[in-house]
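Peer 1: See coords-v6.txt below, with compact mmCIF, C-alpha atoms and all ligand atoms.
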```
# COMPACT_ATOMS: atom_id res chain seq x y z
CA MET A 20 0.00 0.00 0.00
CA THR A 21 1.38 3.43 -0.90
CA ALA A 22 0.88 6.33 1.52
CA GLU A 23 -0.02 9.70 0.10
CA PRO A 24 3.18 11.65 -0.60
CA GLY A 25 3.89 14.03 2.29
CA LEU A 26 2.75 11.65 5.04
CA PRO A 27 5.48 9.84 6.98
CA PHE A 28 4.12 6.27 6.89
CA HIS A 29 6.67 3.51 6.41
CA VAL A 30 6.64 1.88 3.01
CA THR A 31 5.89 -1.54 4.57
CA SER A 32 2.96 -0.32 6.70
CA CYS A 33 -0.46 -1.83 6.00
CA SER A 34 -2.19 0.02 8.85
CA LYS A 35 -5.69 1.39 8.56
CA ILE A 36 -4.41 4.87 9.44
CA LYS A 37 -2.11 4.79 6.42
CA GLN A 38 -5.00 3.60 4.28
CA TYR A 39 -7.48 6.27 5.38
CA LEU A 40 -5.38 9.35 6.21
CA THR A 41 -5.23 11.20 2.94
CA LEU A 42 -3.06 14.30 2.71
CA LYS A 43 -6.21 16.43 2.46
CA ARG A 44 -7.63 14.87 5.63
CA TYR A 45 -4.30 15.38 7.39
CA ASN A 46 -4.11 19.04 6.37
CA ASP A 47 -7.75 19.65 7.36
CA LEU A 48 -7.23 18.12 10.82
CA LYS A 49 -3.63 18.89 11.75
CA GLU A 50 -4.32 22.20 13.52
CA ILE A 51 -7.28 20.92 15.51
CA ARG A 52 -6.90 20.42 19.26
CA THR A 53 -9.46 18.56 21.37
CA PRO A 54 -10.59 20.24 24.62
CA SER A 55 -7.77 18.45 26.46
CA GLY A 56 -5.23 19.61 23.86
CA TYR A 57 -4.78 16.37 21.89
CA SER A 58 -3.67 16.61 18.26
CA LEU A 59 -3.84 14.34 15.23
CA ASP A 60 -0.03 14.08 15.31
CA GLN A 61 -0.26 12.62 18.83
CA ALA A 62 -3.11 10.31 17.82
CA ILE A 63 -1.14 8.74 14.95
CA ARG A 64 2.31 8.62 16.56
CA SER A 65 2.02 4.92 17.38
CA GLY A 66 1.08 4.06 13.80
CA ILE A 67 4.05 6.01 12.46
CA GLU A 68 6.58 4.57 14.93
CA ASN A 69 5.24 1.02 14.52
CA PRO A 70 4.89 0.21 10.81
CA ASP A 71 3.38 -3.17 11.72
CA SER A 72 0.37 -1.51 13.39
CA ASN A 73 -3.00 -2.87 12.30
CA ILE A 74 -4.82 0.35 13.08
CA GLY A 75 -2.24 2.95 14.19
CA ILE A 76 -4.43 5.57 15.87
CA TYR A 77 -5.51 6.14 19.49
CA ALA A 78 -8.05 8.58 20.98
CA GLY A 79 -6.74 11.04 23.58
CA ASP A 80 -10.15 11.85 25.04
CA MET A 81 -13.81 11.24 24.21
CA GLU A 82 -13.91 14.34 21.99
CA SER A 83 -11.19 12.86 19.72
CA TYR A 84 -13.93 10.76 18.13
CA ASP A 85 -15.70 13.94 16.92
CA CYS A 86 -12.65 16.14 16.26
CA PHE A 87 -10.89 13.49 14.14
CA ALA A 88 -14.07 11.87 12.78
CA PRO A 89 -13.08 12.34 9.09
CA VAL A 90 -10.31 9.77 9.58
CA LEU A 91 -11.60 7.80 12.59
CA LEU A 92 -15.05 7.01 11.17
CA PRO A 93 -13.87 5.22 8.00
CA ILE A 94 -11.39 3.23 10.12
CA ILE A 95 -14.14 2.26 12.59
CA GLU A 96 -16.55 1.28 9.80
CA ASP A 97 -13.91 -0.82 8.08
CA TYR A 98 -12.47 -2.50 11.22
CA HIS A 99 -15.89 -3.33 12.72
CA HIS A 100 -17.42 -4.38 9.34
CA LEU A 101 -20.36 -2.02 9.87
CA ASP A 102 -23.41 -1.74 7.64
CA PRO A 103 -24.72 1.70 6.60
CA GLY A 104 -26.92 3.10 9.39
CA TRP A 105 -24.95 1.26 12.07
CA SER A 106 -25.32 2.18 15.69
CA HIS A 107 -24.31 0.93 19.12
CA LYS A 108 -26.90 -1.48 20.53
CA PRO A 109 -27.66 -1.33 24.23
CA GLY A 110 -28.46 -4.56 26.07
CA LEU A 111 -26.75 -5.62 29.24
CA GLN A 112 -29.14 -7.94 31.04
CA GLU A 113 -28.39 -10.89 33.23
CA VAL A 114 -28.94 -14.22 31.47
CA VAL A 115 -29.73 -17.85 32.21
CA LEU A 116 -27.72 -20.22 30.01
CA PRO A 117 -26.59 -23.77 30.73
CA ASP A 118 -22.95 -24.46 31.62
CA LEU A 119 -21.71 -26.17 28.43
CA ASP A 120 -18.93 -28.08 30.12
CA PRO A 121 -19.82 -28.73 33.78
CA GLU A 122 -17.14 -31.43 34.07
CA GLN A 123 -14.53 -29.01 32.70
CA ARG A 124 -13.31 -31.44 30.05
CA PHE A 125 -12.71 -28.72 27.48
CA ILE A 126 -13.18 -25.20 28.84
CA ARG A 127 -10.37 -24.31 31.22
CA SER A 128 -11.50 -20.80 32.12
CA SER A 129 -13.90 -18.05 31.10
CA ARG A 130 -13.08 -14.36 31.04
CA ILE A 131 -15.20 -11.38 30.04
CA ARG A 132 -13.99 -7.82 30.17
CA VAL A 133 -15.26 -4.40 29.28
CA ALA A 134 -13.30 -1.20 28.90
CA ARG A 135 -14.69 1.98 30.41
CA ASN A 136 -13.37 5.54 30.53
CA LEU A 137 -14.51 8.52 32.55
CA GLY A 138 -15.70 11.27 30.23
CA LYS A 139 -14.31 14.14 32.27
CA PHE A 140 -10.68 12.93 32.12
CA PRO A 141 -8.38 12.75 29.09
CA PHE A 142 -7.74 9.15 27.99
CA SER A 143 -4.67 7.22 29.07
CA GLY A 144 -2.19 8.37 26.39
CA ASN A 145 -2.96 11.99 27.12
CA MET A 146 -2.98 12.24 30.94
CA THR A 147 -0.72 14.23 33.22
CA PRO A 148 0.59 12.55 36.40
CA ASP A 149 -1.89 14.61 38.45
CA GLN A 150 -4.79 13.54 36.28
CA ARG A 151 -3.85 9.86 36.67
CA LEU A 152 -3.77 10.30 40.45
CA GLU A 153 -7.05 12.22 40.46
CA LEU A 154 -8.69 9.49 38.40
CA GLU A 155 -7.36 6.83 40.76
CA LYS A 156 -8.76 8.77 43.72
CA THR A 157 -12.19 9.07 42.06
CA VAL A 158 -12.30 5.36 41.28
CA LYS A 159 -11.06 4.33 44.74
CA HIS A 160 -13.94 6.28 46.22
CA ALA A 161 -16.36 4.32 44.02
CA PHE A 162 -14.74 1.00 45.07
CA ARG A 163 -15.15 1.91 48.75
CA ASN A 164 -18.87 2.48 48.26
CA LEU A 165 -19.77 -0.71 46.40
CA PRO A 166 -22.61 -2.91 47.67
CA GLU A 167 -21.42 -5.55 50.13
CA LYS A 168 -21.61 -8.48 47.67
CA LEU A 169 -19.26 -6.73 45.20
CA SER A 170 -16.84 -5.30 47.71
CA GLY A 171 -13.13 -6.02 47.68
CA THR A 172 -9.66 -4.51 47.93
CA TYR A 173 -7.81 -1.97 45.83
CA THR A 174 -4.03 -2.27 45.56
CA ALA A 175 -2.00 0.63 44.17
CA PHE A 176 1.16 -0.64 42.44
CA THR A 177 3.14 2.23 43.92
CA ASP A 178 2.41 0.81 47.40
CA LEU A 179 4.19 -2.46 46.57
CA ASN A 180 7.86 -3.38 46.69
CA GLU A 181 9.28 -5.39 43.80
CA LYS A 182 8.76 -8.74 45.50
CA GLN A 183 5.13 -7.98 46.34
CA PHE A 184 4.50 -6.72 42.81
CA HIS A 185 5.95 -9.88 41.25
CA ALA A 186 3.89 -12.06 43.57
CA LEU A 187 0.76 -10.29 42.31
CA LEU A 188 1.91 -10.59 38.69
CA LYS A 189 2.36 -14.34 39.15
CA LYS A 190 -1.23 -14.63 40.36
CA GLY A 191 -2.43 -12.63 37.36
CA LEU A 192 -3.38 -9.78 39.66
CA ALA A 193 -1.16 -7.04 38.26
CA PHE A 194 -0.41 -5.68 34.82
CA ARG A 195 2.90 -4.54 33.41
CA LYS A 196 3.61 -1.61 31.14
CA GLY A 197 1.86 -1.97 27.80
CA ASP A 198 3.49 -2.99 24.50
CA ARG A 199 5.46 -0.77 22.10
CA PHE A 200 2.23 0.28 20.34
CA MET A 201 0.86 1.64 23.61
CA ASP A 202 4.25 3.03 24.56
CA ALA A 203 4.44 5.21 21.44
CA ALA A 204 0.92 6.46 22.19
CA GLY A 205 1.99 7.67 25.67
CA ILE A 206 -0.12 5.10 27.50
CA ASN A 207 2.83 3.80 29.55
CA ARG A 208 3.92 7.26 30.66
CA ASP A 209 4.68 7.59 34.40
CA TYR A 210 3.96 3.85 35.00
CA PRO A 211 3.28 2.64 37.74
CA LEU A 212 1.92 5.97 38.99
CA GLY A 213 -1.87 5.87 39.43
CA ARG A 214 -2.06 2.23 38.33
CA GLY A 215 -3.58 -0.50 40.42
CA ILE A 216 -6.04 -3.33 40.66
CA PHE A 217 -9.28 -3.93 42.52
CA THR A 218 -10.11 -7.54 43.41
CA SER A 219 -13.51 -8.65 44.69
CA ARG A 220 -13.59 -10.82 47.78
CA ASP A 221 -14.75 -13.86 45.78
CA ASN A 222 -11.89 -13.23 43.36
CA ILE A 223 -14.16 -13.28 40.29
CA ILE A 224 -14.05 -9.55 39.56
CA ARG A 225 -10.93 -7.53 38.89
CA VAL A 226 -10.70 -3.93 37.79
CA TRP A 227 -7.51 -2.60 36.25
CA VAL A 228 -7.08 1.10 36.84
CA ASN A 229 -5.20 3.40 34.44
CA GLU A 230 -4.06 0.80 31.93
CA GLU A 231 -4.93 1.31 28.22
CA ASP A 232 -8.33 2.51 29.38
CA HIS A 233 -9.19 4.16 32.69
CA LEU A 234 -10.96 0.97 33.74
CA ARG A 235 -10.87 -2.58 32.51
CA ILE A 236 -13.64 -4.37 34.39
CA ILE A 237 -12.97 -8.09 34.23
CA ALA A 238 -14.88 -11.16 35.44
CA GLN A 239 -13.15 -14.51 35.26
CA SER A 240 -13.57 -17.95 36.66
CA PRO A 241 -12.26 -21.48 36.08
CA GLY A 242 -14.57 -23.61 33.89
CA GLY A 243 -17.14 -22.71 31.28
CA ASP A 244 -20.08 -21.16 33.13
CA ILE A 245 -20.00 -18.05 30.96
CA ALA A 246 -23.50 -16.93 32.05
CA ASN A 247 -22.40 -16.72 35.68
CA VAL A 248 -19.26 -14.79 34.70
CA PHE A 249 -21.33 -12.42 32.53
CA ASN A 250 -23.89 -11.83 35.28
CA ARG A 251 -21.22 -11.02 37.85
CA LEU A 252 -19.61 -8.63 35.37
CA ILE A 253 -22.90 -6.85 34.71
CA GLN A 254 -23.49 -6.36 38.42
CA MET A 255 -20.09 -4.70 38.75
CA ILE A 256 -20.48 -2.56 35.60
CA LYS A 257 -23.84 -1.30 36.85
CA ALA A 258 -22.61 -0.64 40.38
CA LEU A 259 -19.62 1.37 39.10
CA GLY A 260 -21.74 3.08 36.43
CA ASP A 261 -24.04 4.36 39.20
CA LYS A 262 -21.09 6.22 40.70
CA LEU A 263 -18.92 7.12 37.69
CA ASP A 264 -19.79 8.95 34.49
CA PHE A 265 -18.59 6.70 31.66
CA ALA A 266 -17.61 8.20 28.30
CA PHE A 267 -20.50 7.22 26.01
CA ASP A 268 -21.95 8.22 22.67
CA PRO A 269 -25.40 6.97 21.57
CA LYS A 270 -24.10 5.98 18.10
CA LYS A 271 -20.59 4.78 18.94
CA GLY A 272 -21.31 3.31 22.36
CA PHE A 273 -18.65 3.28 25.07
CA LEU A 274 -15.62 5.25 23.94
CA THR A 275 -12.18 3.76 24.39
CA THR A 276 -8.53 4.63 23.82
CA CYS A 277 -8.25 2.21 20.89
CA PRO A 278 -11.00 2.48 18.25
CA THR A 279 -11.06 -1.33 17.98
CA ASN A 280 -12.77 -1.50 21.37
CA ILE A 281 -15.59 1.04 21.04
CA GLY A 282 -19.24 0.01 21.24
CA THR A 283 -19.82 -2.63 23.88
CA ALA A 284 -16.06 -2.49 24.61
CA MET A 285 -16.50 -6.13 25.56
CA ARG A 286 -14.34 -9.17 24.94
CA ALA A 287 -15.92 -12.41 26.10
CA GLY A 288 -13.86 -15.53 25.74
CA VAL A 289 -12.64 -18.84 27.04
CA HIS A 290 -9.49 -20.89 27.14
CA ILE A 291 -10.51 -24.19 25.61
CA HIS A 292 -8.53 -27.41 25.10
CA LEU A 293 -9.17 -28.87 21.63
CA GLU A 294 -6.71 -31.65 20.90
CA LYS A 295 -8.68 -33.06 17.94
CA LEU A 296 -9.72 -29.80 16.30
CA GLU A 297 -6.11 -28.67 16.54
CA GLN A 298 -5.53 -31.26 13.79
CA ASN A 299 -8.36 -29.76 11.73
CA LEU A 300 -7.86 -26.03 12.05
CA SER A 301 -9.82 -25.10 8.93
CA PHE A 302 -12.93 -26.77 10.42
CA LEU A 303 -12.42 -24.91 13.71
CA GLU A 304 -12.02 -21.66 11.79
CA THR A 305 -15.27 -22.28 9.89
CA ILE A 306 -17.24 -22.83 13.10
CA THR A 307 -15.76 -19.77 14.80
CA ARG A 308 -16.39 -17.58 11.74
CA ASP A 309 -20.01 -18.76 11.51
CA HIS A 310 -20.56 -17.71 15.13
CA HIS A 311 -18.68 -14.39 14.83
CA LEU A 312 -15.86 -15.60 17.03
CA GLN A 313 -12.10 -15.22 16.69
CA ILE A 314 -9.20 -17.45 17.67
CA ARG A 315 -6.14 -16.13 19.47
CA GLY A 316 -3.07 -17.87 20.87
CA THR A 317 -2.95 -19.16 24.45
CA GLY A 318 -1.29 -15.96 25.69
CA GLY A 319 -3.69 -13.64 23.81
CA GLU A 320 -3.23 -11.42 20.78
CA LYS A 321 -0.25 -12.23 18.52
CA THR A 322 0.81 -15.33 20.56
CA ALA A 323 1.02 -19.03 19.64
CA VAL A 324 -1.41 -21.79 20.64
CA GLU A 325 0.29 -23.92 23.31
CA LYS A 326 -0.69 -27.50 24.15
CA ALA A 327 -3.91 -27.20 22.11
CA VAL A 328 -5.32 -24.49 24.41
CA PHE A 329 -7.09 -21.90 22.24
CA ASP A 330 -8.32 -18.47 23.28
CA ILE A 331 -11.73 -18.09 21.61
CA SER A 332 -13.69 -14.86 21.92
CA ASN A 333 -16.13 -12.56 20.15
CA ALA A 334 -15.00 -10.95 16.92
CA ARG A 335 -17.66 -8.19 17.06
CA ARG A 336 -17.91 -5.37 19.58
CA LEU A 337 -19.83 -2.56 17.87
CA GLY A 338 -23.30 -2.61 16.30
CA ILE A 339 -24.52 -5.55 18.42
CA SER A 340 -25.42 -5.74 22.09
CA ALA A 341 -23.36 -7.33 24.85
CA ASN A 342 -26.16 -9.88 25.25
CA THR A 343 -25.89 -10.87 21.57
CA ILE A 344 -22.13 -11.24 21.96
CA LEU A 345 -22.70 -13.65 24.83
CA LYS A 346 -25.27 -15.62 22.81
CA ASP A 347 -22.80 -15.88 19.90
CA LEU A 348 -20.13 -17.17 22.25
CA HIS A 349 -22.45 -19.70 23.89
CA GLY A 350 -23.75 -21.01 20.55
CA GLY A 351 -20.27 -21.15 19.07
CA LEU A 352 -18.81 -23.02 22.04
CA GLN A 353 -21.64 -25.55 21.90
CA ALA A 354 -20.83 -26.22 18.23
CA ILE A 355 -17.08 -26.41 18.92
CA ILE A 356 -17.48 -28.86 21.81
CA GLN A 357 -19.79 -31.06 19.72
CA ALA A 358 -17.27 -31.08 16.86
CA GLU A 359 -14.40 -31.91 19.23
CA GLN A 360 -16.40 -34.77 20.81
CA LYS A 361 -17.31 -36.21 17.38
CA SER A 362 -13.65 -36.20 16.37
CA ARG A 363 -12.51 -38.09 19.50
C1 LIG B 1 -2.28 -1.63 16.25
O1 LIG B 1 -2.66 -0.68 15.58
O2 LIG B 1 -1.90 -2.71 15.78
C2 LIG B 1 -2.22 -1.46 17.74
N1 LIG B 1 -2.47 -0.10 18.06
C3 LIG B 1 -3.21 -2.38 18.42
C4 LIG B 1 -4.57 -2.40 17.83
C5 LIG B 1 -5.52 -3.28 18.61
N2 LIG B 1 -5.69 -4.58 18.21
C6 LIG B 1 -5.94 -5.11 16.97
O3 LIG B 1 -5.70 -4.63 15.93
N3 LIG B 1 -6.54 -6.29 16.95
```
Once you've parsed the file, please lay out its structure as C-alpha cells.
Ligand code: CIR

Peer 2:
Amino acid sequence: MTAEPGLPFHVTSCSKIKQYLTLKRYNDLKEIRTPSGYSLDQAIRSGIENPDSNIGIYAGDMESYDCFAPVLLPIIEDYHHLDPGWSHKPGLQEVVLPDLDPEQRFIRSSRIRVARNLGKFPFSGNMTPDQRLELEKTVKHAFRNLPEKLSGTYTAFTDLNEKQFHALLKKGLAFRKGDRFMDAAGINRDYPLGRGIFTSRDNIIRVWVNEEDHLRIIAQSPGGDIANVFNRLIQMIKALGDKLDFAFDPKKGFLTTCPTNIGTAMRAGVHIHLEKLEQNLSFLETITRDHHLQIRGTGGEKTAVEKAVFDISNARRLGISANTILKDLHGGLQAIIQAEQKSR
C-alpha cells in the first residue's frame, strides 16, 4: 500500500491509518486540538513509529472521536465491518444459560472484560501525572462504596515493593507496562503511577485502573459457566456506572482509547482445550467464523497456541449488544465442543 506523498508512513505499513489518512484529511485536521489539547499528530504517533500496526491511531479523550471523525469514522466502519446506518446497541441484562462443560473437560476458564473511561478525564495516552492520580482517587472512592456483595480490595502498584508486585503478577493480579504500540501512544507514561487493581472478595471480579483505558472491568472464573461470569460482570459494571460517568456516545457506544474496542467495549472468551480440532484447524475456523468468534493464541493477541489451548472470543464489539455477543459465544462453544467430541 502506498501512503499519500507528504505523510510519513513507512513503506511496509499496512495500517488502517495509512490507508485512510489522505493528505487532504491530514491538512484539514492537523491544527485541531481537542478540549484536552490532543492533536492528530499525537493520535497517529504509534502508527508512524510502529509500521506493523494494524490500526495505528488512538483517541486522547472522548472528543477525539468527533474532532478526528473524518479519519476515525472510516477506520471504525472498516475494522468493525459495519453496515450503513450502524449504531451501538444497548443490552446488558443478566442471562440464564446452561454451563456447556460442567465437568470441565474442554473449557479451562472463562473471562469477560469491558473497557470503560470517565468522560471528564483525558484518555490514558494523554494524561498528566496529576490527572492519573485524580482518576485513581475518584475510582477508589467508588470501590469503597460498592454494595457488600461486590466489595473487595484496591491495591495501588506504587504501594508495593518489587517482591510484592511480582507475587501479584504471578497470580495474574497485576499488569505490566503496555506494549510498544501503547508506549508510542503515551499510554505507559509515568507507570506505575496511578495504576492498580481492585479484586472482589470472591476473586471473580478484577478492575484494572489506568491501563490502556481508565478501567478494565474483568470477570473470570475457572470452567465454562460463561453466564455466571457475565452476570457477575454486569453487576459490577452497573454498580460502578451508578457512581462514575462513563464516556459514552449513543451511536458509537462506550468510547475507548483504541477504536477497535468502542461500542460494547467487551471481549468475552474462554481458554478451551481442543486436541482433535487442533488437527483440523480449517474446520475450527469455519465454526468460529459462523458464530462471529475469533481465535487467538494461548497468551492472547499475537501469541502461539500452546498444548492445544485456544483463546476463543467474540470478533464483534460494535453494532450488536453485549447480550448478543454472549449468545454468539455460547452457541459457538456448543458447536465447537460437539465437533471436538465427534472427532474423538
Ligand atoms: C495496532 O494498531 O496494531 C495497535 N495499536 C493495536 C490495535 C488493537 N488490536 C488489533 O488490531 N486487533

Peer 1: When the cut-off is 10 Å and you count all atoms listed in the file, which residues lie near ligand LIG 1 (chain B), shown as a PyMOL selection string?

Peer 2: chain A and resi 33-36+63+65-67+69-77+98+198-204+276-280+320-321+334

Peer 1: With C-alpha atoms retained, export the selected residues as a short mmCIF file (atom, residue, chain, number, x, y, z; two decimals), in the frame of the given file.

Peer 2:
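File written: selection14.cif
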```
data_model
loop_
_atom_site.label_atom_id
_atom_site.label_comp_id
_atom_site.auth_asym_id
_atom_site.auth_seq_id
_atom_site.Cartn_x
_atom_site.Cartn_y
_atom_site.Cartn_z
CA CYS A 33 -0.46 -1.83 6.00
CA SER A 34 -2.19 0.02 8.85
CA LYS A 35 -5.69 1.39 8.56
CA ILE A 36 -4.41 4.87 9.44
CA ILE A 63 -1.14 8.74 14.95
CA SER A 65 2.02 4.92 17.38
CA GLY A 66 1.08 4.06 13.80
CA ILE A 67 4.05 6.01 12.46
CA ASN A 69 5.24 1.02 14.52
CA PRO A 70 4.89 0.21 10.81
CA ASP A 71 3.38 -3.17 11.72
CA SER A 72 0.37 -1.51 13.39
CA ASN A 73 -3.00 -2.87 12.30
CA ILE A 74 -4.82 0.35 13.08
CA GLY A 75 -2.24 2.95 14.19
CA ILE A 76 -4.43 5.57 15.87
CA TYR A 77 -5.51 6.14 19.49
CA TYR A 98 -12.47 -2.50 11.22
CA ASP A 198 3.49 -2.99 24.50
CA ARG A 199 5.46 -0.77 22.10
CA PHE A 200 2.23 0.28 20.34
CA MET A 201 0.86 1.64 23.61
CA ASP A 202 4.25 3.03 24.56
CA ALA A 203 4.44 5.21 21.44
CA ALA A 204 0.92 6.46 22.19
CA THR A 276 -8.53 4.63 23.82
CA CYS A 277 -8.25 2.21 20.89
CA PRO A 278 -11.00 2.48 18.25
CA THR A 279 -11.06 -1.33 17.98
CA ASN A 280 -12.77 -1.50 21.37
CA GLU A 320 -3.23 -11.42 20.78
CA LYS A 321 -0.25 -12.23 18.52
CA ALA A 334 -15.00 -10.95 16.92
#
```

Peer 1: Between CA of Phe217 (chain A) and CA of Ser170 (chain A), what is the spacing in Å?

Peer 2: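 Going from CA of Ser170 (chain A) over to CA of Phe217 (chain A), I get 9.3 Å.
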
Peer 1: Just give me the residues with any atom within 8 Å of (-30.4, -6.4, 23.6), file coordinates, counting all atoms listed in the file, written as number ranges by chain.

Peer 2: A: 108-112, 339-343

Peer 1: CA of Thr177 (chain A) and CA of Leu152 (chain A), how far apart in Å?

Peer 2: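 CA of Thr177 (chain A) lies 11.2 Å from CA of Leu152 (chain A).
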
Peer 1: Let me know the centre plus edge lengths, in Å and rounded to one decimal, of a box with edges along x, y and z that contains all listed atoms of region 284-294 of chain A and is padded by 5 Å on every side, as lines of an AutoDock Vina configuration file.

Peer 2:
```
center_x = -11.6
center_y = -17.1
center_z = 24.0
size_x = 19.8
size_y = 39.2
size_z = 16.2
```
